[in-house]
>>> print(open('protein-v5.pdb').read())   # PDB, C-alpha atoms and all ligand atoms
MODEL        1
ATOM      1  CA  MET M   1      17.557  29.063 -18.241
ATOM      2  CA  THR M   2      17.815  26.708 -15.284
ATOM      3  CA  VAL M   3      15.820  23.571 -14.638
ATOM      4  CA  ILE M   4      14.920  23.182 -10.963
ATOM      5  CA  ILE M   5      14.352  19.641  -9.769
ATOM      6  CA  PRO M   6      13.183  18.784  -6.231
ATOM      7  CA  LYS M   7      14.981  15.967  -4.405
ATOM      8  CA  LYS M   8      11.962  13.678  -4.463
ATOM      9  CA  GLU M   9      11.635  13.912  -8.246
ATOM     10  CA  TYR M  10      15.346  13.300  -8.704
ATOM     11  CA  GLN M  11      15.017  10.213  -6.496
ATOM     12  CA  THR M  12      12.063   9.063  -8.589
ATOM     13  CA  ILE M  13      14.204   9.108 -11.738
ATOM     14  CA  VAL M  14      17.066   7.324  -9.977
ATOM     15  CA  ALA M  15      14.776   4.676  -8.465
ATOM     16  CA  ALA M  16      12.866   3.990 -11.672
ATOM     17  CA  ALA M  17      16.111   3.646 -13.635
ATOM     18  CA  VAL M  18      17.994   1.545 -11.073
ATOM     19  CA  ARG M  19      15.037  -0.800 -10.671
ATOM     20  CA  PHE M  20      15.660  -1.937 -14.262
ATOM     21  CA  ALA M  21      19.458  -1.737 -14.263
ATOM     22  CA  ASN M  22      21.360  -2.761 -11.167
ATOM     23  CA  THR M  23      23.966  -5.197  -9.895
ATOM     24  CA  ARG M  24      21.345  -7.878  -9.189
ATOM     25  CA  ILE M  25      20.472  -8.011 -12.886
ATOM     26  CA  PRO M  26      22.884  -9.231 -15.598
ATOM     27  CA  GLU M  27      24.010  -6.209 -17.582
ATOM     28  CA  ASP M  28      22.655  -7.668 -20.828
ATOM     29  CA  ASP M  29      19.174  -7.516 -19.309
ATOM     30  CA  TRP M  30      19.327  -3.892 -18.245
ATOM     31  CA  LEU M  31      16.420  -1.921 -19.646
ATOM     32  CA  GLU M  32      15.798   1.731 -20.315
ATOM     33  CA  VAL M  33      12.978   3.489 -18.478
ATOM     34  CA  TYR M  34      10.904   6.357 -19.737
ATOM     35  CA  GLY M  35       9.009   9.054 -17.841
ATOM     36  CA  ILE M  36       7.591  12.538 -18.107
ATOM     37  CA  PHE M  37       7.962  15.807 -16.278
ATOM     38  CA  ILE M  38       5.105  17.933 -15.007
ATOM     39  CA  GLY M  39       5.823  21.475 -13.948
ATOM     40  CA  ASN M  40       5.801  25.098 -14.824
ATOM     41  CA  ILE M  41       7.781  27.981 -16.266
ATOM     42  CA  GLU M  42       8.853  30.809 -13.991
ATOM     43  CA  GLY M  43      10.564  33.586 -15.872
ATOM     44  CA  GLU M  44      13.401  31.872 -17.681
ATOM     45  CA  ASP M  45      13.386  28.789 -15.469
ATOM     46  CA  VAL M  46      11.686  25.439 -15.782
ATOM     47  CA  ILE M  47      10.339  24.264 -12.438
ATOM     48  CA  VAL M  48       9.766  20.530 -12.193
ATOM     49  CA  SER M  49       6.972  19.600  -9.806
ATOM     50  CA  LYS M  50       6.616  15.921 -10.665
ATOM     51  CA  ALA M  51       8.556  13.184 -12.472
ATOM     52  CA  TYR M  52       6.289  10.282 -13.395
ATOM     53  CA  PRO M  53       7.732   6.919 -14.427
ATOM     54  CA  ILE M  54       5.630   5.735 -17.372
ATOM     55  CA  THR M  55       7.148   2.602 -18.820
ATOM     56  CA  HIS M  56      10.296   0.611 -19.581
ATOM     57  CA  GLN M  57      11.799  -1.091 -22.589
ATOM     58  CA  GLU M  58      10.644  -4.509 -23.598
ATOM     59  CA  LYS M  59      13.689  -5.809 -25.264
ATOM     60  CA  LYS M  60      12.877  -7.396 -28.562
ATOM     61  CA  PRO M  61      15.770  -8.818 -30.540
ATOM     62  CA  GLU M  62      15.214  -6.445 -33.454
ATOM     63  CA  ASP M  63      15.173  -3.391 -31.185
ATOM     64  CA  ILE M  64      17.695  -0.639 -31.311
ATOM     65  CA  ILE M  65      18.863   1.527 -28.434
ATOM     66  CA  ASP M  66      16.223   3.929 -27.135
ATOM     67  CA  LYS M  67      13.282   2.136 -28.697
ATOM     68  CA  VAL M  68      10.580   2.297 -26.030
ATOM     69  CA  TYR M  69       6.985   1.312 -26.689
ATOM     70  CA  TRP M  70       4.049   2.977 -25.010
ATOM     71  CA  SER M  71       0.962   0.845 -24.541
ATOM     72  CA  THR M  72      -2.567   2.170 -25.061
ATOM     73  CA  GLU M  73      -2.847   2.196 -21.272
ATOM     74  CA  ASP M  74       0.280   4.349 -21.016
ATOM     75  CA  TYR M  75      -1.182   6.896 -23.447
ATOM     76  CA  GLU M  76      -4.490   6.935 -21.603
ATOM     77  CA  LEU M  77      -2.823   7.424 -18.237
ATOM     78  CA  PHE M  78      -0.543  10.065 -19.676
ATOM     79  CA  SER M  79      -3.560  12.093 -20.762
ATOM     80  CA  LEU M  80      -5.006  11.693 -17.247
ATOM     81  CA  ILE M  81      -1.762  12.997 -15.726
ATOM     82  CA  ASP M  82      -1.670  15.831 -18.255
ATOM     83  CA  ASP M  83      -5.304  16.828 -17.567
ATOM     84  CA  LYS M  84      -4.776  16.767 -13.818
ATOM     85  CA  ALA M  85      -1.627  18.866 -14.168
ATOM     86  CA  PHE M  86      -3.509  21.359 -16.325
ATOM     87  CA  SER M  87      -6.293  21.700 -13.745
ATOM     88  CA  GLU M  88      -3.588  22.574 -11.212
ATOM     89  CA  GLY M  89      -2.014  25.206 -13.439
ATOM     90  CA  ASN M  90       0.852  22.956 -14.527
ATOM     91  CA  PHE M  91       1.638  21.126 -17.731
ATOM     92  CA  THR M  92       3.904  18.546 -19.302
ATOM     93  CA  ILE M  93       7.327  20.157 -19.503
ATOM     94  CA  GLY M  94       9.350  17.372 -20.999
ATOM     95  CA  TRP M  95      10.505  13.828 -20.639
ATOM     96  CA  TRP M  96      13.278  11.752 -19.093
ATOM     97  CA  HIS M  97      14.763   8.380 -19.812
ATOM     98  CA  SER M  98      17.714   6.236 -18.813
ATOM     99  CA  HIS M  99      20.825   5.099 -20.648
ATOM    100  CA  PRO M 100      21.719   2.229 -18.330
ATOM    101  CA  GLY M 101      25.448   1.670 -18.611
ATOM    102  CA  PHE M 102      26.008   3.849 -21.650
ATOM    103  CA  LYS M 103      26.850   7.416 -22.469
ATOM    104  CA  VAL M 104      24.574  10.277 -21.516
ATOM    105  CA  MET M 105      23.720  12.018 -24.808
ATOM    106  CA  MET M 106      20.813  12.221 -27.230
ATOM    107  CA  SER M 107      20.418   9.553 -29.857
ATOM    108  CA  GLN M 108      18.590  10.307 -33.083
ATOM    109  CA  LEU M 109      15.489   8.738 -31.624
ATOM    110  CA  ASP M 110      15.837  10.916 -28.516
ATOM    111  CA  VAL M 111      16.025  14.016 -30.721
ATOM    112  CA  LYS M 112      12.839  12.904 -32.452
ATOM    113  CA  THR M 113      11.049  12.373 -29.130
ATOM    114  CA  THR M 114      12.288  15.682 -27.738
ATOM    115  CA  LEU M 115      11.074  17.360 -30.891
ATOM    116  CA  SER M 116       7.500  16.280 -30.208
ATOM    117  CA  TYR M 117       7.700  17.712 -26.672
ATOM    118  CA  GLN M 118       9.318  20.955 -27.813
ATOM    119  CA  GLN M 119       6.773  21.418 -30.590
ATOM    120  CA  ASN M 120       4.047  21.386 -27.927
ATOM    121  CA  ASN M 121       6.009  23.477 -25.467
ATOM    122  CA  PRO M 122       9.018  25.474 -26.702
ATOM    123  CA  LYS M 123      10.667  25.247 -23.283
ATOM    124  CA  ALA M 124      10.326  21.468 -22.968
ATOM    125  CA  ILE M 125      13.365  19.592 -21.705
ATOM    126  CA  SER M 126      14.884  16.138 -22.133
ATOM    127  CA  LEU M 127      16.806  14.544 -19.258
ATOM    128  CA  VAL M 128      19.052  11.507 -19.795
ATOM    129  CA  PHE M 129      20.239   9.556 -16.749
ATOM    130  CA  ASN M 130      22.775   6.754 -16.415
ATOM    131  CA  PRO M 131      23.024   5.130 -12.957
ATOM    132  CA  VAL M 132      26.558   3.887 -13.674
ATOM    133  CA  ARG M 133      27.681   7.442 -14.281
ATOM    134  CA  LEU M 134      26.443   8.351 -10.807
ATOM    135  CA  ILE M 135      27.794   5.269  -9.043
ATOM    136  CA  ARG M 136      31.249   5.327 -10.608
ATOM    137  CA  GLN M 137      31.465   9.071 -11.288
ATOM    138  CA  VAL M 138      32.646   8.487 -14.828
ATOM    139  CA  GLU M 139      31.305   9.275 -18.254
ATOM    140  CA  LEU M 140      31.355   6.173 -20.382
ATOM    141  CA  PRO M 141      32.756   6.468 -23.891
ATOM    142  CA  GLU M 142      30.552   6.083 -26.949
ATOM    143  CA  LYS M 143      32.591   3.096 -28.059
ATOM    144  CA  LYS M 144      33.448   0.318 -25.620
ATOM    145  CA  GLY M 145      37.149   0.243 -24.885
ATOM    146  CA  ASN M 146      37.703   3.953 -25.324
ATOM    147  CA  PRO M 147      38.845   5.760 -22.168
ATOM    148  CA  VAL M 148      36.297   6.814 -19.564
ATOM    149  CA  LYS M 149      36.152  10.402 -18.425
ATOM    150  CA  GLN M 150      36.511  11.003 -14.679
ATOM    151  CA  LEU M 151      33.782  13.173 -13.174
ATOM    152  CA  LYS M 152      33.295  14.841  -9.824
ATOM    153  CA  ASN M 153      30.012  15.347  -7.949
ATOM    154  CA  ASP M 154      27.984  14.371 -10.977
ATOM    155  CA  PRO M 155      24.297  13.474 -10.415
ATOM    156  CA  GLY M 156      24.369  10.992 -13.321
ATOM    157  CA  PHE M 157      22.370  12.977 -15.841
ATOM    158  CA  LYS M 158      22.356  15.816 -18.325
ATOM    159  CA  ILE M 159      19.455  17.905 -19.530
ATOM    160  CA  PHE M 160      19.131  18.807 -23.184
ATOM    161  CA  ARG M 161      17.072  21.037 -25.472
ATOM    162  CA  LEU M 162      16.982  21.237 -29.229
ATOM    163  CA  ASP M 163      18.459  24.363 -30.766
ATOM    164  CA  ASN M 164      16.034  24.785 -33.594
ATOM    165  CA  VAL M 165      12.770  22.886 -33.732
ATOM    166  CA  ASN M 166      12.182  24.019 -37.328
ATOM    167  CA  ARG M 167      15.004  21.786 -38.462
ATOM    168  CA  GLY M 168      12.984  18.757 -37.340
ATOM    169  CA  ILE M 169      14.973  15.656 -36.636
ATOM    170  CA  GLU M 170      18.026  17.401 -38.052
ATOM    171  CA  ALA M 171      17.986  19.772 -35.068
ATOM    172  CA  SER M 172      21.160  20.078 -33.022
ATOM    173  CA  TYR M 173      20.948  20.258 -29.247
ATOM    174  CA  HIS M 174      22.651  21.838 -26.253
ATOM    175  CA  GLU M 175      22.935  21.214 -22.533
ATOM    176  CA  VAL M 176      20.799  23.109 -20.058
ATOM    177  CA  ASP M 177      21.761  24.183 -16.528
ATOM    178  CA  TYR M 178      19.971  22.633 -13.592
ATOM    179  CA  ARG M 179      19.726  22.721  -9.837
ATOM    180  CA  ILE M 180      18.565  19.909  -7.569
ATOM    181  CA  ASP M 181      16.849  21.267  -4.469
ATOM    182  CA  GLY M 182      16.817  19.479  -1.118
ATOM    183  CA  TYR M 183      20.499  18.704  -0.550
ATOM    184  CA  GLU M 184      23.082  20.747   1.321
ATOM    185  CA  ASN M 185      25.634  20.344  -1.467
ATOM    186  CA  MET M 186      26.600  18.033  -4.300
ATOM    187  CA  GLU M 187      28.834  15.850  -2.102
ATOM    188  CA  GLN M 188      25.846  15.104   0.104
ATOM    189  CA  LEU M 189      23.656  14.443  -2.929
ATOM    190  CA  ILE M 190      26.119  11.911  -4.349
ATOM    191  CA  LYS M 191      26.643  10.159  -1.015
ATOM    192  CA  GLN M 192      22.937   9.899  -0.204
ATOM    193  CA  THR M 193      22.005   8.841  -3.703
ATOM    194  CA  GLN M 194      24.671   6.146  -3.876
ATOM    195  CA  LYS M 195      23.224   4.707  -0.657
ATOM    196  CA  PHE M 196      19.714   5.104  -2.036
ATOM    197  CA  ILE M 197      20.761   3.064  -5.081
ATOM    198  CA  ILE M 198      21.801   0.200  -2.785
ATOM    199  CA  ASP M 199      18.370   0.252  -1.101
ATOM    200  CA  ILE M 200      16.603   0.287  -4.456
ATOM    201  CA  THR M 201      18.803  -2.534  -5.759
ATOM    202  CA  ASN M 202      18.050  -4.704  -2.731
ATOM    203  CA  PHE M 203      14.482  -3.808  -2.100
ATOM    204  CA  PHE M 204      12.653  -2.528  -5.166
ATOM    205  CA  PRO M 205      12.570  -5.440  -7.596
ATOM    206  CA  ARG M 206      11.433  -4.993 -11.152
ATOM    207  CA  LYS M 207       9.268  -8.146 -11.034
ATOM    208  CA  ASP M 208       7.299 -10.105  -8.420
ATOM    209  CA  ILE M 209       7.223  -7.131  -6.131
ATOM    210  CA  LEU M 210       4.227  -8.439  -4.146
ATOM    211  CA  ASP M 211       5.802 -11.851  -3.572
ATOM    212  CA  ARG M 212       8.970 -10.190  -2.439
ATOM    213  CA  TYR M 213       7.298  -7.891   0.104
ATOM    214  CA  SER M 214       4.946 -10.605   1.262
ATOM    215  CA  LYS M 215       7.868 -12.923   1.960
ATOM    216  CA  PHE M 216       9.696 -10.113   3.744
ATOM    217  CA  VAL M 217       6.760  -9.383   6.067
ATOM    218  CA  ASN M 218       6.098 -13.061   6.761
ATOM    219  CA  ASP M 219       9.766 -13.645   7.572
ATOM    220  CA  LYS M 220       9.787 -10.683   9.941
ATOM    221  CA  ILE M 221       6.595 -11.851  11.673
ATOM    222  CA  ASN M 222       8.070 -15.340  12.093
ATOM    223  CA  GLU M 223      11.253 -13.864  13.472
ATOM    224  CA  LEU M 224       9.309 -11.757  15.935
ATOM    225  CA  ASN M 225       7.202 -14.748  16.995
ATOM    226  CA  SER M 226      10.276 -16.831  17.639
ATOM    227  CA  LYS M 227      11.851 -13.999  19.642
ATOM    228  CA  LEU M 228       8.727 -13.829  21.821
ATOM    229  CA  LEU M 229       8.566 -17.567  22.206
ATOM    230  CA  GLY M 230      12.278 -17.681  23.004
ATOM    231  CA  THR M 231      11.816 -15.065  25.714
ATOM    232  CA  GLU M 232       9.048 -17.057  27.351
ATOM    233  CA  GLU M 233      11.100 -20.250  27.240
ATOM    234  CA  TYR M 234      14.067 -18.461  28.738
ATOM    235  CA  LEU M 235      11.985 -17.104  31.601
ATOM    236  CA  LYS M 236      10.474 -20.524  32.270
ATOM    237  CA  THR M 237      13.943 -22.057  32.426
ATOM    238  CA  LEU M 238      15.056 -19.467  34.962
ATOM    239  CA  ILE M 239      12.113 -20.316  37.228
ATOM    240  CA  ARG M 240      12.809 -24.020  36.805
ATOM    241  CA  LYS M 241      16.426 -23.494  37.812
ATOM    242  CA  GLY M 242      15.366 -21.499  40.847
ATOM    243  CA  GLU M 243      16.654 -18.228  39.445
ATOM    244  CA  GLY M 244      13.313 -16.452  39.602
ATOM    245  CA  HIS M 245      14.977 -13.305  40.967
ATOM    246  CA  ARG M 246      16.568 -12.760  37.531
ATOM    247  CA  THR M 247      13.364 -12.860  35.451
ATOM    248  CA  GLN M 248      12.745  -9.096  35.723
ATOM    249  CA  GLU M 249      16.215  -8.216  34.479
ATOM    250  CA  VAL M 250      16.187 -10.816  31.692
ATOM    251  CA  LEU M 251      12.753  -9.733  30.513
ATOM    252  CA  GLU M 252      13.901  -6.121  30.313
ATOM    253  CA  ASP M 253      16.864  -7.121  28.156
ATOM    254  CA  GLN M 254      14.719  -9.261  25.890
ATOM    255  CA  VAL M 255      12.169  -6.472  25.469
ATOM    256  CA  LYS M 256      14.972  -4.084  24.514
ATOM    257  CA  ASP M 257      16.269  -6.547  21.939
ATOM    258  CA  ILE M 258      12.800  -7.073  20.470
ATOM    259  CA  ARG M 259      12.160  -3.326  20.290
ATOM    260  CA  ARG M 260      15.454  -2.889  18.429
ATOM    261  CA  PHE M 261      14.384  -5.540  15.950
ATOM    262  CA  VAL M 262      11.014  -3.832  15.472
ATOM    263  CA  ALA M 263      12.693  -0.439  14.956
ATOM    264  CA  GLN M 264      15.024  -1.925  12.338
ATOM    265  CA  THR M 265      12.122  -3.542  10.518
ATOM    266  CA  TYR M 266      10.221  -0.265  10.679
ATOM    267  CA  ILE M 267      12.933   1.338   8.531
ATOM    268  CA  ASN M 268      12.476  -1.356   5.872
ATOM    269  CA  ILE M 269       8.708  -0.986   5.996
ATOM    270  CA  GLU M 270       8.996   2.784   5.589
ATOM    271  CA  ASN M 271      11.294   2.193   2.602
ATOM    272  CA  ILE M 272       8.705  -0.043   0.976
ATOM    273  CA  LYS M 273       6.027   2.629   1.502
ATOM    274  CA  GLU M 274       8.316   5.240  -0.035
ATOM    275  CA  PHE M 275       9.131   3.021  -3.016
ATOM    276  CA  MET M 276       5.447   3.014  -3.986
ATOM    277  CA  ASP M 277       6.035   6.568  -5.251
ATOM    278  CA  TYR M 278       8.524   5.199  -7.780
ATOM    279  CA  LEU M 279       6.243   2.661  -9.456
ATOM    280  CA  GLU M 280       5.279   3.125 -13.064
ATOM    281  CA  PHE M 281       2.008   4.992 -13.208
ATOM    282  CA  LYS M 282       0.056   2.013 -14.560
ATOM    283  CA  GLU M 283       1.253  -0.208 -11.701
ATOM    284  CA  ARG M 284       0.038   2.082  -8.952
ATOM    285  CA  GLU M 285      -3.620   1.109  -8.869
ATOM    286  CA  LYS M 286      -2.856  -2.607  -8.875
ATOM    287  CA  VAL M 287       0.170  -2.709  -6.614
ATOM    288  CA  ILE M 288      -0.307  -0.087  -3.894
ATOM    289  CA  PRO M 289      -3.515  -1.458  -2.263
ATOM    290  CA  LYS M 290      -1.990  -4.946  -2.183
ATOM    291  CA  VAL M 291       1.252  -3.712  -0.638
ATOM    292  CA  LYS M 292      -0.772  -1.833   2.004
ATOM    293  CA  GLU M 293      -2.564  -5.065   2.819
ATOM    294  CA  ILE M 294       0.734  -6.927   3.129
ATOM    295  CA  LEU M 295       2.247  -4.279   5.397
ATOM    296  CA  SER M 296      -0.846  -4.093   7.591
ATOM    297  CA  LYS M 297      -0.083  -7.637   8.789
ATOM    298  CA  TRP M 298       3.116  -6.353  10.312
ATOM    299  CA  ASP M 299       1.372  -3.316  11.842
ATOM    300  CA  GLU M 300      -1.208  -5.588  13.471
ATOM    301  CA  LYS M 301       1.495  -7.779  14.889
ATOM    302  CA  VAL M 302       3.417  -4.830  16.334
ATOM    303  CA  ALA M 303       0.233  -3.309  17.766
ATOM    304  CA  GLN M 304      -0.158  -6.385  19.995
ATOM    305  CA  LEU M 305       3.370  -6.183  21.276
ATOM    306  CA  ASP M 306       2.813  -4.040  24.388
ATOM    307  CA  ASP M 307       0.039  -6.367  25.560
ATOM    308  CA  LYS M 308       2.325  -9.297  25.009
ATOM    309  CA  PHE M 309       5.088  -7.706  27.117
ATOM    310  CA  THR M 310       2.616  -6.924  29.913
ATOM    311  CA  GLU M 311       1.387 -10.498  29.773
ATOM    312  CA  LEU M 312       4.943 -11.811  30.141
ATOM    313  CA  ALA M 313       5.705  -9.395  32.977
ATOM    314  CA  ASN M 314       2.613 -10.553  34.866
ATOM    315  CA  LYS M 315       3.326 -14.202  34.266
ATOM    316  CA  PHE M 316       6.867 -14.158  35.618
TER     317      PHE M 316
HETATM  318 ZN    ZN D   1      18.297   7.761 -25.275
ENDMDL
END
>>> encode(input="protein-v5.pdb", output="structure tokens")
Amino acid sequence: MTVIIPKKEYQTIVAAAVRFANTRIPEDDWLEVYGIFIGNIEGEDVIVSKAYPITHQEKKPEDIIDKVYWSTEDYELFSLIDDKAFSEGNFTIGWWHSHPGFKVMMSQLDVKTTLSYQQNNPKAISLVFNPVRLIRQVELPEKKGNPVKQLKNDPGFKIFRLDNVNRGIEASYHEVDYRIDGYENMEQLIKQTQKFIIDITNFFPRKDILDRYSKFVNDKINELNSKLLGTEEYLKTLIRKGEGHRTQEVLEDQVKDIRRFVAQTYINIENIKEFMDYLEFKEREKVIPKVKEILSKWDEKVAQLDDKFTELANKF
């Protein structure tokens, strides 16, 4: 049996996990995230079609590792996802969660959770991901201080299944083979994903996401405005100094510089759009329309750019 995971769904797991456990957050505040898999069975294989982030830990002092609470909303949305999957000939084929900064294995609580999935679907799987394992290519020991195990080309996770559901929470478990589709090889996967983790760390905050993106867009608009204003001032100065013959050349250079800036910003904007796929399901309805509104301000600004350049060219 092999579990087949598309690149996009692998990235979803990485993004959701890193959002709550990265170098911008003190390690003590790292939180586990929890999601589900939708997909299908083909022969012996489990084909993942979707990985949905559902929720994250709310650390309460009395909590133990792996304790994750689902809200009523989470359960309601989960049944929506499950119904939609069913209408498309798919179903819930397991769950995934993160062990931020600690060993990839199944705790007793994880066995219990996996049991409930496997009781509903004998082929259900449980994936455990640790971003640190991927970044540093090491397996962390169960006890702090014990030696780490060096890994090579490791995607940061393992997939497990229980051996015998009838034994309940006493069930033992084993690892399952997997394949991640969409990369040329594992080296490329590791390289791309390590870079992806940097983007997520810098640009997909766990809180105040709207404030963050709003500030980003406003800053970029201000920067663009000052570049345009600067260009105009520059051209005026040239005329004043009797160097009108240079305005054409200078304008061309300035336009090139501004277009480079716009292209660079475009990459960030595209990242933000992509990151919307990695939100927890309950956030989507609230966050996505607002982010679209924020980004549209930038689009409007850029749409006026050609007219602005023509205006400058005519003026000088
Ligand atoms: Zn766990």
>>> residues_around(input="protein-v5.pdb", residues="Gln108 in chain M", least_positions_apart="2", cutoff="10 Å", atoms="all atoms listed in the file", output="PDB file with C-alpha atoms, in the frame of the given file")
ATOM      1  CA  ILE M  65      18.863   1.527 -28.434  1.00  0.00           C
ATOM      2  CA  ASP M  66      16.223   3.929 -27.135  1.00  0.00           C
ATOM      3  CA  MET M 105      23.720  12.018 -24.808  1.00  0.00           C
ATOM      4  CA  MET M 106      20.813  12.221 -27.230  1.00  0.00           C
ATOM      5  CA  ASP M 110      15.837  10.916 -28.516  1.00  0.00           C
ATOM      6  CA  VAL M 111      16.025  14.016 -30.721  1.00  0.00           C
ATOM      7  CA  LYS M 112      12.839  12.904 -32.452  1.00  0.00           C
ATOM      8  CA  THR M 113      11.049  12.373 -29.130  1.00  0.00           C
ATOM      9  CA  THR M 114      12.288  15.682 -27.738  1.00  0.00           C
ATOM     10  CA  ILE M 169      14.973  15.656 -36.636  1.00  0.00           C
ATOM     11  CA  GLU M 170      18.026  17.401 -38.052  1.00  0.00           C
ATOM     12  CA  ALA M 171      17.986  19.772 -35.068  1.00  0.00           C
TER      13      ALA M 171
END
>>> residues_near_point(input="protein-v5.pdb", point="(26.7, 7.9, -14.8)", cutoff="12 Å", atoms="only C-alpha atoms", output="VMD selection string")
chain M and resid 14 17 to 18 98 to 105 128 to 141 148 to 158 190 194
>>> atom_distance(input="protein-v5.pdb", atom1="CA of Ala21 in chain M", atom2="CA of Thr201 in chain M")
8.6 Å
>>> closest_residue(input="protein-v5.pdb", among="M:Ala263, M:Ile81, M:Val33, M:Leu115", to="ligand ZN 1 (chain D)", atoms="all atoms listed in the file")
M:Val33
>>> resolve_selection(input="protein-v5.pdb", expression="the PyMOL selection byres (((chain M and resi 54) around 7) and not hetatm)", output="PDB file with C-alpha atoms, in the coordinates of the input")
ATOM      1  CA  TYR M  34      10.904   6.357 -19.737  1.00  0.00           C
ATOM      2  CA  GLY M  35       9.009   9.054 -17.841  1.00  0.00           C
ATOM      3  CA  TYR M  52       6.289  10.282 -13.395  1.00  0.00           C
ATOM      4  CA  PRO M  53       7.732   6.919 -14.427  1.00  0.00           C
ATOM      5  CA  THR M  55       7.148   2.602 -18.820  1.00  0.00           C
ATOM      6  CA  ASP M  74       0.280   4.349 -21.016  1.00  0.00           C
ATOM      7  CA  GLU M 280       5.279   3.125 -13.064  1.00  0.00           C
ATOM      8  CA  PHE M 281       2.008   4.992 -13.208  1.00  0.00           C
TER       9      PHE M 281
END
>>> closest_residue(input="protein-v5.pdb", among="M:Met1, M:Leu312, M:Met276, M:Ile180", to="Val291 in chain M", atoms="only C-alpha atoms")
M:Met276
>>> resolve_selection(input="protein-v5.pdb", expression="the PyMOL selection byres (((chain M and resi 39) around 6) and not hetatm)", output="PyMOL selection string")
chain M and resi 38+40+47-49+90-91+93
>>> write_last_selection(input="protein-v5.pdb", atoms="C-alpha atoms", output="PDB file, in the coordinates of the input")
ATOM      1  CA  ILE M  38       5.105  17.933 -15.007  1.00  0.00           C
ATOM      2  CA  ASN M  40       5.801  25.098 -14.824  1.00  0.00           C
ATOM      3  CA  ILE M  47      10.339  24.264 -12.438  1.00  0.00           C
ATOM      4  CA  VAL M  48       9.766  20.530 -12.193  1.00  0.00           C
ATOM      5  CA  SER M  49       6.972  19.600  -9.806  1.00  0.00           C
ATOM      6  CA  ASN M  90       0.852  22.956 -14.527  1.00  0.00           C
ATOM      7  CA  PHE M  91       1.638  21.126 -17.731  1.00  0.00           C
ATOM      8  CA  ILE M  93       7.327  20.157 -19.503  1.00  0.00           C
TER       9      ILE M  93
END
>>> residues_near_point(input="protein-v5.pdb", point="(12.1, 17.3, -21.9)", cutoff="8 Å", atoms="only C-alpha atoms", output="list of chain:residue names")
M:Ile36, M:Phe37, M:Ile93, M:Gly94, M:Trp95, M:Trp96, M:Thr114, M:Tyr117, M:Gln118, M:Ala124, M:Ile125, M:Ser126, M:Leu127, M:Ile159, M:Phe160, M:Arg161
>>> axis_aligned_box(input="protein-v5.pdb", around="range 278-285 of chain M", padding_each_side="8 Å", output="AutoDock Vina command-line options")
--center_x 2.5 --center_y 2.5 --center_z -11.2 --size_x 28.1 --size_y 21.4 --size_z 22.8
>>> atom_distance(input="protein-v5.pdb", atom1="CA of Val302 in chain M", atom2="CA of Leu228 in chain M")
11.8 Å
>>> closest_residue(input="protein-v5.pdb", among="M:Asn22, M:Asp306, M:Gln57, M:Asp181", to="ligand ZN 1 (chain D)", atoms="all atoms listed in the file")
M:Gln57
>>> decode(input="protein-v5.pdb", residues="range 241-252 of chain M", atoms="N, CA and C atoms", output="PDB file, in the first residue's frame")
ATOM      1  N   LYS M 241      17.598  72.622 -15.583  1.00  0.00           N
ATOM      2  CA  LYS M 241      19.047  72.757 -15.786  1.00  0.00           C
ATOM      3  C   LYS M 241      19.423  72.800 -17.261  1.00  0.00           C
ATOM      4  N   GLY M 242      18.409  72.885 -18.109  1.00  0.00           N
ATOM      5  CA  GLY M 242      18.661  72.956 -19.544  1.00  0.00           C
ATOM      6  C   GLY M 242      19.155  71.658 -20.145  1.00  0.00           C
ATOM      7  N   GLU M 243      18.783  70.535 -19.485  1.00  0.00           N
ATOM      8  CA  GLU M 243      19.206  69.244 -20.038  1.00  0.00           C
ATOM      9  C   GLU M 243      18.006  68.474 -20.577  1.00  0.00           C
ATOM     10  N   GLY M 244      17.112  69.217 -21.203  1.00  0.00           N
ATOM     11  CA  GLY M 244      15.879  68.635 -21.740  1.00  0.00           C
ATOM     12  C   GLY M 244      16.116  67.491 -22.701  1.00  0.00           C
ATOM     13  N   HIS M 245      17.263  67.467 -23.374  1.00  0.00           N
ATOM     14  CA  HIS M 245      17.543  66.389 -24.333  1.00  0.00           C
ATOM     15  C   HIS M 245      17.697  65.035 -23.640  1.00  0.00           C
ATOM     16  N   ARG M 246      17.897  65.050 -22.319  1.00  0.00           N
ATOM     17  CA  ARG M 246      18.087  63.775 -21.594  1.00  0.00           C
ATOM     18  C   ARG M 246      16.792  63.175 -21.042  1.00  0.00           C
ATOM     19  N   THR M 247      15.697  63.968 -21.080  1.00  0.00           N
ATOM     20  CA  THR M 247      14.466  63.500 -20.408  1.00  0.00           C
ATOM     21  C   THR M 247      13.988  62.145 -20.936  1.00  0.00           C
ATOM     22  N   GLN M 248      14.048  61.960 -22.246  1.00  0.00           N
ATOM     23  CA  GLN M 248      13.588  60.699 -22.858  1.00  0.00           C
ATOM     24  C   GLN M 248      14.313  59.485 -22.248  1.00  0.00           C
ATOM     25  N   GLU M 249      15.629  59.609 -22.245  1.00  0.00           N
ATOM     26  CA  GLU M 249      16.493  58.529 -21.754  1.00  0.00           C
ATOM     27  C   GLU M 249      16.241  58.262 -20.260  1.00  0.00           C
ATOM     28  N   VAL M 250      16.186  59.347 -19.489  1.00  0.00           N
ATOM     29  CA  VAL M 250      15.960  59.206 -18.042  1.00  0.00           C
ATOM     30  C   VAL M 250      14.591  58.580 -17.768  1.00  0.00           C
ATOM     31  N   LEU M 251      13.590  59.035 -18.490  1.00  0.00           N
ATOM     32  CA  LEU M 251      12.249  58.487 -18.291  1.00  0.00           C
ATOM     33  C   LEU M 251      12.233  56.974 -18.566  1.00  0.00           C
ATOM     34  N   GLU M 252      12.895  56.586 -19.641  1.00  0.00           N
ATOM     35  CA  GLU M 252      12.952  55.157 -19.970  1.00  0.00           C
ATOM     36  C   GLU M 252      13.558  54.334 -18.825  1.00  0.00           C
TER      37      GLU M 252
END
